[in-house]
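Structure file input18.txt; described as compact mmCIF, C-alpha atoms.
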```txt
# COMPACT_ATOMS: atom_id res chain seq x y z
CA MET L 1 -29.29 -41.47 -15.95
CA THR L 2 -26.57 -40.80 -13.37
CA ALA L 3 -24.04 -42.79 -15.37
CA ARG L 4 -25.05 -41.04 -18.58
CA ASP L 5 -24.79 -37.61 -16.94
CA ALA L 6 -21.37 -38.46 -15.58
CA ALA L 7 -20.20 -39.56 -19.01
CA ASP L 8 -21.52 -36.36 -20.59
CA GLU L 9 -19.81 -34.22 -17.99
CA ALA L 10 -16.54 -36.13 -18.44
CA GLY L 11 -16.77 -35.61 -22.20
CA ALA L 12 -17.40 -31.89 -21.72
CA ALA L 13 -14.41 -31.63 -19.37
CA ALA L 14 -12.21 -33.45 -21.89
CA ALA L 15 -13.26 -30.91 -24.53
CA GLN L 16 -12.17 -28.06 -22.22
CA CYS L 17 -8.47 -28.86 -22.31
CA VAL L 18 -5.61 -28.45 -24.75
CA SER L 19 -3.05 -30.90 -25.99
CA ASP L 20 -0.13 -31.53 -23.67
CA THR L 21 2.03 -31.46 -26.80
CA THR L 22 0.97 -27.84 -27.40
CA ILE L 23 1.98 -26.86 -23.88
CA ASP L 24 5.28 -28.70 -24.21
CA GLN L 25 6.00 -26.75 -27.40
CA LEU L 26 5.22 -23.42 -25.73
CA ARG L 27 7.43 -24.36 -22.81
CA ASP L 28 10.25 -25.21 -25.23
CA ASP L 29 9.69 -21.92 -27.06
CA ALA L 30 10.10 -20.01 -23.80
CA LEU L 31 13.28 -21.90 -22.98
CA ALA L 32 14.75 -21.28 -26.45
CA LEU L 33 13.90 -17.59 -26.28
CA ALA L 34 15.52 -17.17 -22.86
CA ARG L 35 18.66 -19.01 -23.95
CA SER L 36 19.02 -17.07 -27.21
CA TYR L 37 18.70 -13.66 -25.56
CA GLY L 38 22.40 -12.82 -25.62
CA ALA L 39 22.72 -13.65 -29.31
CA VAL L 40 19.59 -11.85 -30.57
CA ASN L 41 18.90 -8.12 -30.49
CA ALA L 42 16.38 -6.85 -27.94
CA PHE L 43 13.85 -5.73 -30.55
CA ASP L 44 13.57 -9.25 -32.01
CA ILE L 45 13.33 -10.71 -28.51
CA PHE L 46 10.49 -8.30 -27.72
CA ARG L 47 8.60 -9.24 -30.87
CA ARG L 48 8.99 -12.98 -30.31
CA ALA L 49 8.16 -12.81 -26.60
CA ARG L 50 4.98 -10.87 -27.35
CA VAL L 51 3.85 -13.60 -29.76
CA LEU L 52 4.65 -16.26 -27.16
CA ARG L 53 2.68 -14.55 -24.41
CA THR L 54 -0.32 -14.06 -26.73
CA GLU L 55 -0.31 -17.74 -27.70
CA ALA L 56 0.04 -18.90 -24.08
CA GLU L 57 -2.93 -16.73 -23.08
CA HIS L 58 -4.95 -18.02 -26.03
CA GLN L 59 -4.33 -21.63 -25.01
CA ARG L 60 -5.08 -20.80 -21.38
CA GLY L 61 -8.53 -19.63 -22.46
CA LEU L 62 -9.19 -23.05 -24.01
CA THR L 63 -8.52 -25.23 -20.97
CA GLN L 64 -10.17 -25.72 -17.62
CA VAL L 65 -7.55 -28.20 -16.39
CA PRO L 66 -5.81 -26.65 -13.35
CA ALA L 67 -2.39 -28.18 -14.11
CA GLN L 68 -2.53 -26.89 -17.68
CA GLN L 69 -3.67 -23.48 -16.46
CA GLN L 70 -0.65 -23.31 -14.16
CA ASP L 71 1.79 -24.40 -16.89
CA LEU L 72 0.44 -21.77 -19.28
CA LEU L 73 0.55 -19.06 -16.62
CA ILE L 74 4.23 -19.83 -16.09
CA VAL L 75 4.98 -19.71 -19.83
CA ALA L 76 3.09 -16.42 -20.21
CA GLY L 77 4.92 -15.06 -17.18
CA GLN L 78 8.31 -16.03 -18.56
CA ALA L 79 7.43 -14.33 -21.84
CA CYS L 80 6.34 -11.24 -19.93
CA ALA L 81 9.58 -11.18 -17.94
CA LEU L 82 11.57 -11.34 -21.19
CA LEU L 83 9.42 -8.54 -22.60
CA SER L 84 10.34 -6.48 -19.55
CA THR L 85 14.06 -7.12 -19.99
CA ALA L 86 13.91 -6.32 -23.71
CA ALA L 87 11.97 -3.10 -23.04
CA PHE L 88 14.61 -2.09 -20.50
CA ASP L 89 17.44 -2.81 -22.93
CA LEU L 90 15.67 -0.64 -25.50
CA GLY L 91 15.48 2.21 -23.00
CA SER L 92 11.73 2.10 -22.37
CA LEU L 93 11.96 2.04 -18.58
CA ASP L 94 8.30 2.73 -17.76
CA ASP L 95 7.18 -0.10 -20.03
CA SER L 96 9.84 -2.36 -18.55
CA ALA L 97 8.52 -1.76 -15.03
CA ARG L 98 4.93 -2.30 -16.12
CA LEU L 99 5.80 -5.59 -17.80
CA ALA L 100 7.84 -6.71 -14.78
CA ARG L 101 4.78 -6.15 -12.56
CA SER L 102 2.72 -8.26 -14.97
CA ALA L 103 5.34 -11.03 -14.84
CA ALA L 104 5.27 -10.91 -11.04
CA LEU L 105 1.48 -11.23 -11.13
CA TYR L 106 1.74 -14.28 -13.40
CA GLY L 107 4.15 -15.81 -10.89
CA GLU L 108 1.74 -15.08 -8.04
CA MET L 109 -1.24 -16.61 -9.87
CA ALA L 110 0.83 -19.69 -10.77
CA ARG L 111 2.26 -19.95 -7.24
CA PHE L 112 5.71 -19.91 -8.85
CA ASP L 113 7.97 -17.84 -6.61
CA PRO L 114 11.15 -17.95 -8.75
CA LEU L 115 9.29 -15.98 -11.42
CA ARG L 116 8.02 -13.51 -8.81
CA ALA L 117 11.58 -13.08 -7.54
CA TYR L 118 13.03 -12.53 -11.01
CA ALA L 119 10.37 -9.97 -11.91
CA THR L 120 10.70 -8.16 -8.59
CA GLY L 121 14.45 -7.98 -9.13
CA SER L 122 13.75 -6.39 -12.51
CA LEU L 123 11.57 -3.82 -10.76
CA ALA L 124 14.51 -3.06 -8.46
CA ILE L 125 16.75 -2.45 -11.48
CA CYS L 126 14.18 -0.11 -13.02
CA ALA L 127 13.94 1.72 -9.70
CA TYR L 128 17.60 2.60 -9.36
CA PHE L 129 17.91 3.46 -13.04
CA THR L 130 15.13 6.01 -12.57
CA GLY L 131 16.67 7.62 -9.49
CA ARG L 132 14.89 5.62 -6.74
CA PRO L 133 17.66 3.54 -5.13
CA SER L 134 15.84 3.20 -1.77
CA GLU L 135 12.90 1.63 -3.60
CA ALA L 136 15.35 -0.65 -5.38
CA VAL L 137 16.71 -1.89 -2.03
CA ARG L 138 13.16 -2.58 -0.85
CA GLN L 139 12.27 -4.52 -3.99
CA ALA L 140 15.46 -6.60 -3.88
CA ARG L 141 14.84 -7.54 -0.25
CA THR L 142 11.23 -8.42 -1.01
CA ALA L 143 12.40 -10.76 -3.77
CA LEU L 144 15.00 -12.40 -1.53
CA ALA L 145 12.23 -13.34 0.92
CA TYR L 146 10.40 -15.54 -1.60
CA ALA L 147 10.56 -19.27 -1.04
CA GLY L 148 12.15 -21.85 -3.31
CA LEU L 149 15.00 -19.74 -4.70
CA GLY L 150 18.30 -21.31 -5.71
CA ASP L 151 21.83 -19.96 -5.40
CA THR L 152 21.66 -18.30 -8.83
CA ALA L 153 18.54 -16.33 -7.95
CA ARG L 154 20.01 -15.14 -4.68
CA ARG L 155 23.29 -14.13 -6.36
CA ARG L 156 21.38 -11.97 -8.82
CA LEU L 157 19.23 -10.32 -6.17
CA LEU L 158 22.12 -9.62 -3.81
CA SER L 159 24.08 -8.11 -6.68
CA ILE L 160 21.09 -5.89 -7.49
CA GLU L 161 20.83 -4.88 -3.83
CA ALA L 162 24.55 -4.05 -3.77
CA ARG L 163 24.12 -1.80 -6.82
CA ALA L 164 21.19 -0.05 -5.17
CA HIS L 165 23.25 0.65 -2.03
CA GLY L 166 26.00 1.89 -4.34
CA HIS L 167 23.58 4.38 -5.91
CA LEU L 168 22.74 5.51 -2.38
CA GLY L 169 26.43 6.00 -1.65
CA ASP L 170 26.27 3.51 1.21
CA ARG L 171 29.63 1.81 0.87
CA GLU L 172 29.27 -0.43 3.93
CA ARG L 173 25.93 -1.97 2.92
CA ALA L 174 26.97 -2.17 -0.74
CA THR L 175 30.11 -4.08 0.19
CA ARG L 176 28.19 -6.39 2.51
CA ALA L 177 25.66 -7.30 -0.20
CA LEU L 178 28.42 -7.60 -2.80
CA VAL L 179 30.36 -10.07 -0.66
CA ALA L 180 27.18 -12.02 0.09
CA SER L 181 26.46 -12.31 -3.65
CA THR L 182 29.73 -14.20 -4.12
CA ARG L 183 29.03 -16.65 -1.28
CA GLN L 184 25.79 -18.26 -2.44
CA ASP L 185 27.01 -21.83 -2.75
CA ARG L 186 24.48 -24.01 -0.96
CA GLY L 187 24.00 -26.18 -4.03
CA GLU L 188 20.36 -25.12 -4.34
CA ARG L 189 18.60 -24.69 -7.69
CA ASP L 190 15.22 -23.54 -8.94
CA GLU L 191 13.26 -24.26 -12.09
CA LEU L 192 13.58 -20.80 -13.62
CA HIS L 193 17.03 -19.39 -12.96
CA ASP L 194 18.73 -22.78 -13.29
CA GLY L 195 16.24 -25.00 -15.10
CA VAL L 196 15.43 -22.54 -17.90
CA GLY L 197 18.57 -20.44 -17.52
CA GLY L 198 19.67 -18.22 -20.35
CA GLU L 199 18.57 -14.67 -19.62
CA PHE L 200 17.07 -15.93 -16.34
CA ALA L 201 20.45 -17.23 -15.22
CA PHE L 202 23.18 -15.08 -13.70
CA SER L 203 26.53 -16.30 -14.91
CA GLU L 204 29.78 -15.70 -13.08
CA GLU L 205 30.84 -13.08 -15.62
CA ARG L 206 27.55 -11.20 -15.14
CA LEU L 207 28.07 -11.26 -11.40
CA LEU L 208 31.61 -9.91 -11.81
CA MET L 209 30.46 -7.23 -14.24
CA SER L 210 27.66 -6.08 -11.94
CA ASN L 211 29.87 -6.06 -8.87
CA GLY L 212 32.51 -4.09 -10.75
CA THR L 213 29.89 -1.42 -11.42
CA THR L 214 29.04 -1.36 -7.71
CA ALA L 215 32.71 -0.87 -6.87
CA LEU L 216 32.77 2.16 -9.15
CA LEU L 217 29.66 3.58 -7.50
CA VAL L 218 31.31 3.51 -4.07
CA GLY L 219 34.59 4.93 -5.37
CA ASP L 220 36.64 1.72 -5.27
CA GLY L 221 38.52 2.19 -8.53
CA VAL L 222 41.10 -0.49 -7.80
CA GLY L 223 38.45 -3.09 -7.03
CA ALA L 224 36.38 -2.06 -10.05
CA GLU L 225 39.35 -2.38 -12.39
CA ALA L 226 40.30 -5.83 -11.12
CA THR L 227 36.72 -7.12 -11.21
CA ALA L 228 36.06 -5.77 -14.71
CA GLN L 229 39.26 -7.42 -15.97
CA GLN L 230 38.15 -10.74 -14.45
CA ALA L 231 34.76 -10.44 -16.15
CA LEU L 232 36.35 -9.74 -19.54
CA ALA L 233 38.78 -12.63 -19.16
CA LEU L 234 35.95 -15.00 -18.27
CA VAL L 235 33.84 -13.91 -21.24
CA SER L 236 36.81 -14.48 -23.57
CA SER L 237 37.35 -17.97 -22.14
CA ARG L 238 33.85 -19.11 -23.16
CA PRO L 239 33.13 -20.80 -26.50
CA PRO L 240 32.18 -18.16 -29.10
CA ALA L 241 28.49 -19.09 -28.98
CA ARG L 242 28.40 -18.47 -25.22
CA GLN L 243 30.26 -15.16 -25.15
CA SER L 244 27.92 -12.40 -24.00
CA VAL L 245 28.27 -9.26 -26.10
CA SER L 246 26.38 -7.30 -23.45
CA VAL L 247 28.62 -8.36 -20.57
CA ARG L 248 31.76 -7.74 -22.62
CA GLY L 249 30.66 -4.22 -23.54
CA LYS L 250 29.54 -3.25 -20.03
CA ALA L 251 32.63 -4.69 -18.35
CA ALA L 252 34.90 -2.90 -20.83
CA ALA L 253 33.10 0.39 -20.19
CA ASP L 254 33.53 -0.10 -16.43
CA LEU L 255 37.20 -0.92 -16.90
CA ALA L 256 37.67 2.27 -18.91
CA ALA L 257 35.87 4.24 -16.17
CA ALA L 258 38.22 2.80 -13.54
CA GLN L 259 41.21 3.68 -15.69
CA LEU L 260 39.96 7.25 -16.05
CA LEU L 261 39.47 7.37 -12.29
CA ARG L 262 43.21 6.93 -11.87
CA GLY L 263 43.92 9.39 -14.69
CA ASP L 264 45.07 6.92 -17.35
CA LEU L 265 43.44 8.28 -20.51
CA ASP L 266 45.62 6.20 -22.84
CA ALA L 267 44.60 2.92 -21.19
CA ALA L 268 40.92 3.90 -21.31
CA THR L 269 41.21 4.73 -24.99
CA VAL L 270 42.59 1.27 -25.73
CA THR L 271 39.95 -0.44 -23.57
CA LEU L 272 37.11 1.38 -25.32
CA GLU L 273 38.01 -0.28 -28.61
CA THR L 274 36.12 -3.26 -27.20
CA VAL L 275 33.08 -1.05 -26.64
CA TRP L 276 33.15 0.46 -30.13
CA ALA L 277 32.95 -3.08 -31.55
CA ILE L 278 29.49 -3.67 -30.04
CA PRO L 279 26.94 -3.86 -32.89
CA GLU L 280 24.46 -0.97 -33.03
CA ASP L 281 21.46 -3.21 -32.35
CA GLN L 282 23.07 -4.52 -29.15
CA ARG L 283 24.00 -1.16 -27.63
CA VAL L 284 21.51 -1.50 -24.82
CA ALA L 285 20.47 0.87 -22.03
CA GLY L 286 22.87 -0.52 -19.44
CA LEU L 287 25.79 0.04 -21.78
CA LEU L 288 24.64 3.55 -22.69
CA GLU L 289 24.38 4.42 -19.00
CA ARG L 290 28.02 3.44 -18.57
CA THR L 291 29.24 5.35 -21.62
CA GLY L 292 27.28 8.35 -20.37
CA THR L 293 29.22 8.13 -17.12
CA LEU L 294 32.45 8.00 -19.12
CA ARG L 295 31.42 11.09 -21.08
CA ARG L 296 30.98 13.05 -17.86
CA ALA L 297 34.28 11.76 -16.48
CA LEU L 298 36.10 13.17 -19.51
CA THR L 299 35.03 16.68 -18.52
CA ALA L 300 36.98 16.49 -15.23
CA PRO L 301 39.76 19.08 -14.71
CA THR L 302 42.35 16.31 -15.15
CA PHE L 303 41.45 15.94 -18.83
CA ARG L 304 40.37 19.49 -19.62
CA GLY L 305 41.85 20.66 -22.90
CA ALA L 306 43.33 17.26 -23.79
CA GLY L 307 42.74 16.54 -27.46
CA ALA L 308 42.41 12.80 -26.84
CA ALA L 309 39.67 13.42 -24.23
CA ILE L 310 37.74 15.67 -26.62
CA THR L 311 37.97 13.08 -29.41
CA LEU L 312 36.91 10.29 -27.05
CA GLY L 313 33.94 12.30 -25.83
CA GLU L 314 32.77 12.92 -29.38
CA ARG L 315 33.07 9.23 -30.17
CA ILE L 316 31.00 8.33 -27.10
CA GLU L 317 28.24 10.68 -28.24
CA GLU L 318 28.26 9.14 -31.72
CA PHE L 319 28.23 5.64 -30.20
CA GLY L 320 25.06 6.50 -28.29
CA ARG L 321 23.41 8.26 -31.21
CA ARG L 322 23.73 5.13 -33.33
CA SER L 323 22.41 2.78 -30.63
CA ALA L 324 19.20 0.77 -30.96
CA PRO L 325 17.23 2.79 -28.35
CA ARG L 326 18.03 6.08 -30.06
CA GLN L 327 17.50 4.77 -33.60
CA LEU L 328 14.17 3.14 -32.71
CA GLY L 329 13.00 6.15 -30.72
CA THR L 330 12.47 4.03 -27.60
CA GLY L 331 15.21 5.69 -25.55
CA ARG L 332 13.25 8.53 -23.96
CA GLY L 333 13.67 6.87 -20.58
CA LEU L 334 17.41 7.14 -21.03
CA LEU L 335 17.17 10.86 -20.33
CA ALA L 336 16.91 9.99 -16.65
CA ILE L 337 19.91 7.69 -16.91
CA ASP L 338 22.09 10.24 -18.65
CA SER L 339 21.26 13.12 -16.31
```

Would you mind writing the file out in structure tokens?
Amino acid sequence: MTARDAADEAGAAAAQCVSDTTIDQLRDDALALARSYGAVNAFDIFRRARVLRTEAEHQRGLTQVPAQQQDLLIVAGQACALLSTAAFDLGSLDDSARLARSAALYGEMARFDPLRAYATGSLAICAYFTGRPSEAVRQARTALAYAGLGDTARRRLLSIEARAHGHLGDRERATRALVASTRQDRGERDELHDGVGGEFAFSEERLLMSNGTTALLVGDGVGAEATAQQALALVSSRPPARQSVSVRGKAAADLAAAQLLRGDLDAATVTLETVWAIPEDQRVAGLLERTGTLRRALTAPTFRGAGAAITLGERIEEFGRRSAPRQLGTGRGLLAIDS
């Protein structure tokens, strides 16, 4: 009877699992989605990530195998993190923060700290975009304390921390974090930022673009201009399939802002041709925040009454009006960004 009971229990346990092939496919789907992020508009990413998370949760409900449970938690968490990023790009900042917290919880349940760190970094971004830079610093430092992070993860988090200090106007701490973000070269990797990569990675051009924005925040126009130019050059050097439209647009907007800072309206006008070329469905929140800053800069006494400044301002407004967040009606959170 003992042998028969054991056999029955083993059979029942075998029935409470899912195919490893199914999990492998879901893992591959998450990887493909993360790596296609830069080439697909945020709305499509959101739709596909939602389907992926739903399927991962469905499969998780069918298995009692701990290893499979953990794998499916990680897939669902990755999907949730991509949902958060897409929601942010579409201007829905409250939803982005909520989804980032869910992704962090998936990482905690799976004991997968790289996912917790990525999601907590996303919470830091949401914090400074909604006027809470001190909270952003706290979140970035919390994420940096997680174990098992590679160089890429630390570069991203230090760059986020630098931006947060920039929003606080703390030039010394912003510069310190900015410099630290460029010196993460221990040769360490993790399974999310490096293994999956794509949107979870933090390429050199993204680092340059982000640090150029920080330079602008602390009033370093010369540094911002040089860094933005480096970012644009690096994007252009990539094969066409690997050129990030988002990074190109944001770096160009920062370059134009630096040029306006030194009073060169003609140079900014030329630079913004790169921004106007960004497709409507890829005009994301981070880019609109930068063009909003440009719009305000054009009202400075230096440019008052200049016909070119008036024309440029009108074009910036039209650029934003035709963006995905505004067209989809998801950009209400951008009111805080533009204020």

Would you tabulate, counting only C-alpha atoms, all residues of segment 217-282 of chain L that have an atom at most 10 Å from an atom of segment 41-46 of chain L, showing the closest pair of atoms and their distance in Å to one decimal, sorted by chain then ascending number, as CSV?
```
residue,atom,partner,partner_atom,distance
L:Pro279,CA,L:Asn41,CA,9.4
L:Glu280,CA,L:Asn41,CA,9.4
L:Asp281,CA,L:Asn41,CA,5.8
L:Gln282,CA,L:Asn41,CA,5.7
```

Give me the residues within 12 Å of Leu207 of chain L as a PyMOL selection string, counting all atoms listed in the file and dropping any in the same chain fewer than 6 places off. chain L and resi 152-160+162-163+178-184+201+213-214+227-228+230-232+234-235+247+250-251

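Taking atom CA of Gly150 of chain L as the reference point, atom CA of Phe200 of chain L is found at 12.0 Å.
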
Enclosing box along x, y and z for every listed atom of segment 237-240 of chain L, padded 3 Å each side, centre and size in Å, one decimal, as AutoDock Vina command-line options:
```
--center_x 34.8 --center_y -19.4 --center_z -25.6 --size_x 11.2 --size_y 8.8 --size_z 13.0
```

So that I can see what lies close to segment 52-65 of chain L, please list as a PyMOL selection string the residues with an atom at most 6 Å from it, counting only C-alpha atoms and leaving out residues fewer than 4 positions away in the same chain. chain L and resi 16-18+69+72+76+79

Include C-alpha atoms and write out the residues we just selected as a tab-separated table (two decimals), keeping the file's coordinate frame.
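Ended up saving to out_10.tsv:
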```tsv
chain	number	residue	atom	x	y	z
L	16	GLN	CA	-12.17	-28.06	-22.22
L	17	CYS	CA	-8.47	-28.86	-22.31
L	18	VAL	CA	-5.61	-28.45	-24.75
L	69	GLN	CA	-3.67	-23.48	-16.46
L	72	LEU	CA	0.44	-21.77	-19.28
L	76	ALA	CA	3.09	-16.42	-20.21
L	79	ALA	CA	7.43	-14.33	-21.84
```

Between L:Ala300, L:Val137, L:Leu115, L:Ala86, which is the closest to His193 of chain L once you count only C-alpha atoms? L:Leu115

Near Tyr146 of chain L, within 12 Å and counting all atoms listed in the file, which residues show up once chain neighbours fewer than 3 positions away are dropped, as a ChimeraX atom specification? /L:104,107-108,111-121,139-143,149-150,153-154,157,190

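When atom CA of Pro301 of chain L is paired with atom CA of Val270 of chain L, their separation reads 21.1 Å.
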
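With only C-alpha atoms as the atoms that count, the residue of L:Gln259, L:Thr299, L:Ser323, L:Thr269 with the shortest distance to Asp220 of chain L is L:Gln259.
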
Interatomic distance between atom CA of Leu294 of chain L and atom CA of Ser246 of chain L?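 Atom CA of Leu294 of chain L sits 17.0 Å away from atom CA of Ser246 of chain L.
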
Contacts of Thr21 of chain L within 12 Å, only C-alpha atoms, excl. fewer than 5 positions in-chain, as a list of chain:residue names: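 Those residues are L:Leu26, L:Arg27, L:Asp28, L:Gln59, L:Gln68.
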
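Residues near the point (42.9, 1.1, -25.1), at a distance of 12 Å or less over only C-alpha atoms, make up L:Ala252, L:Ala253, L:Leu255, L:Ala256, L:Ala257, L:Gln259, L:Leu260, L:Asp264, L:Leu265, L:Asp266, L:Ala267, L:Ala268, L:Thr269, L:Val270, L:Thr271, L:Leu272, L:Glu273, L:Thr274, L:Val275, L:Trp276, L:Ala308, L:Leu312.
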
Take segment 275-326 of chain L from the block and save it with C-alpha atoms, as an mmCIF file, in the first residue's frame.
```
data_model
loop_
_atom_site.group_PDB
_atom_site.id
_atom_site.type_symbol
_atom_site.label_atom_id
_atom_site.label_comp_id
_atom_site.auth_asym_id
_atom_site.auth_seq_id
_atom_site.Cartn_x
_atom_site.Cartn_y
_atom_site.Cartn_z
ATOM 1 C CA VAL L 275 13.745 65.728 -33.584
ATOM 2 C CA TRP L 276 11.044 66.550 -36.146
ATOM 3 C CA ALA L 277 11.919 63.306 -37.953
ATOM 4 C CA ILE L 278 10.836 61.162 -34.986
ATOM 5 C CA PRO L 279 7.670 59.251 -35.971
ATOM 6 C CA GLU L 280 4.505 60.297 -34.129
ATOM 7 C CA ASP L 281 4.084 56.910 -32.441
ATOM 8 C CA GLN L 282 7.616 57.120 -30.986
ATOM 9 C CA ARG L 283 7.350 60.625 -29.517
ATOM 10 C CA VAL L 284 7.502 59.383 -25.965
ATOM 11 C CA ALA L 285 7.186 61.167 -22.626
ATOM 12 C CA GLY L 286 10.919 61.658 -22.111
ATOM 13 C CA LEU L 287 11.203 63.375 -25.472
ATOM 14 C CA LEU L 288 8.148 65.555 -24.833
ATOM 15 C CA GLU L 289 9.621 66.634 -21.499
ATOM 16 C CA ARG L 290 12.719 67.840 -23.323
ATOM 17 C CA THR L 291 10.817 69.671 -26.050
ATOM 18 C CA GLY L 292 8.716 71.280 -23.329
ATOM 19 C CA THR L 293 11.921 72.585 -21.772
ATOM 20 C CA LEU L 294 12.952 73.942 -25.172
ATOM 21 C CA ARG L 295 9.602 75.690 -25.541
ATOM 22 C CA ARG L 296 10.130 77.521 -22.263
ATOM 23 C CA ALA L 297 13.717 78.413 -23.196
ATOM 24 C CA LEU L 298 12.462 80.151 -26.335
ATOM 25 C CA THR L 299 10.536 82.634 -24.195
ATOM 26 C CA ALA L 300 13.751 83.968 -22.610
ATOM 27 C CA PRO L 301 14.526 87.687 -23.125
ATOM 28 C CA THR L 302 17.369 86.717 -25.484
ATOM 29 C CA PHE L 303 14.899 85.425 -28.071
ATOM 30 C CA ARG L 304 11.943 87.692 -27.365
ATOM 31 C CA GLY L 305 10.445 89.023 -30.584
ATOM 32 C CA ALA L 306 12.636 86.868 -32.834
ATOM 33 C CA GLY L 307 10.553 85.451 -35.668
ATOM 34 C CA ALA L 308 12.598 82.249 -35.781
ATOM 35 C CA ALA L 309 11.981 81.645 -32.050
ATOM 36 C CA ILE L 310 8.231 82.150 -32.476
ATOM 37 C CA THR L 311 8.130 79.745 -35.423
ATOM 38 C CA LEU L 312 10.202 77.173 -33.535
ATOM 39 C CA GLY L 313 7.932 77.412 -30.510
ATOM 40 C CA GLU L 314 4.855 76.818 -32.636
ATOM 41 C CA ARG L 315 6.492 73.799 -34.237
ATOM 42 C CA ILE L 316 7.347 72.356 -30.816
ATOM 43 C CA GLU L 317 3.710 72.671 -29.753
ATOM 44 C CA GLU L 318 2.542 70.926 -32.930
ATOM 45 C CA PHE L 319 5.172 68.207 -32.428
ATOM 46 C CA GLY L 320 3.754 67.476 -28.980
ATOM 47 C CA ARG L 321 0.138 67.655 -30.085
ATOM 48 C CA ARG L 322 0.748 64.943 -32.661
ATOM 49 C CA SER L 323 2.616 62.637 -30.256
ATOM 50 C CA ALA L 324 1.376 59.193 -29.227
ATOM 51 C CA PRO L 325 0.540 60.169 -25.605
ATOM 52 C CA ARG L 326 -1.588 63.102 -26.722
#
```
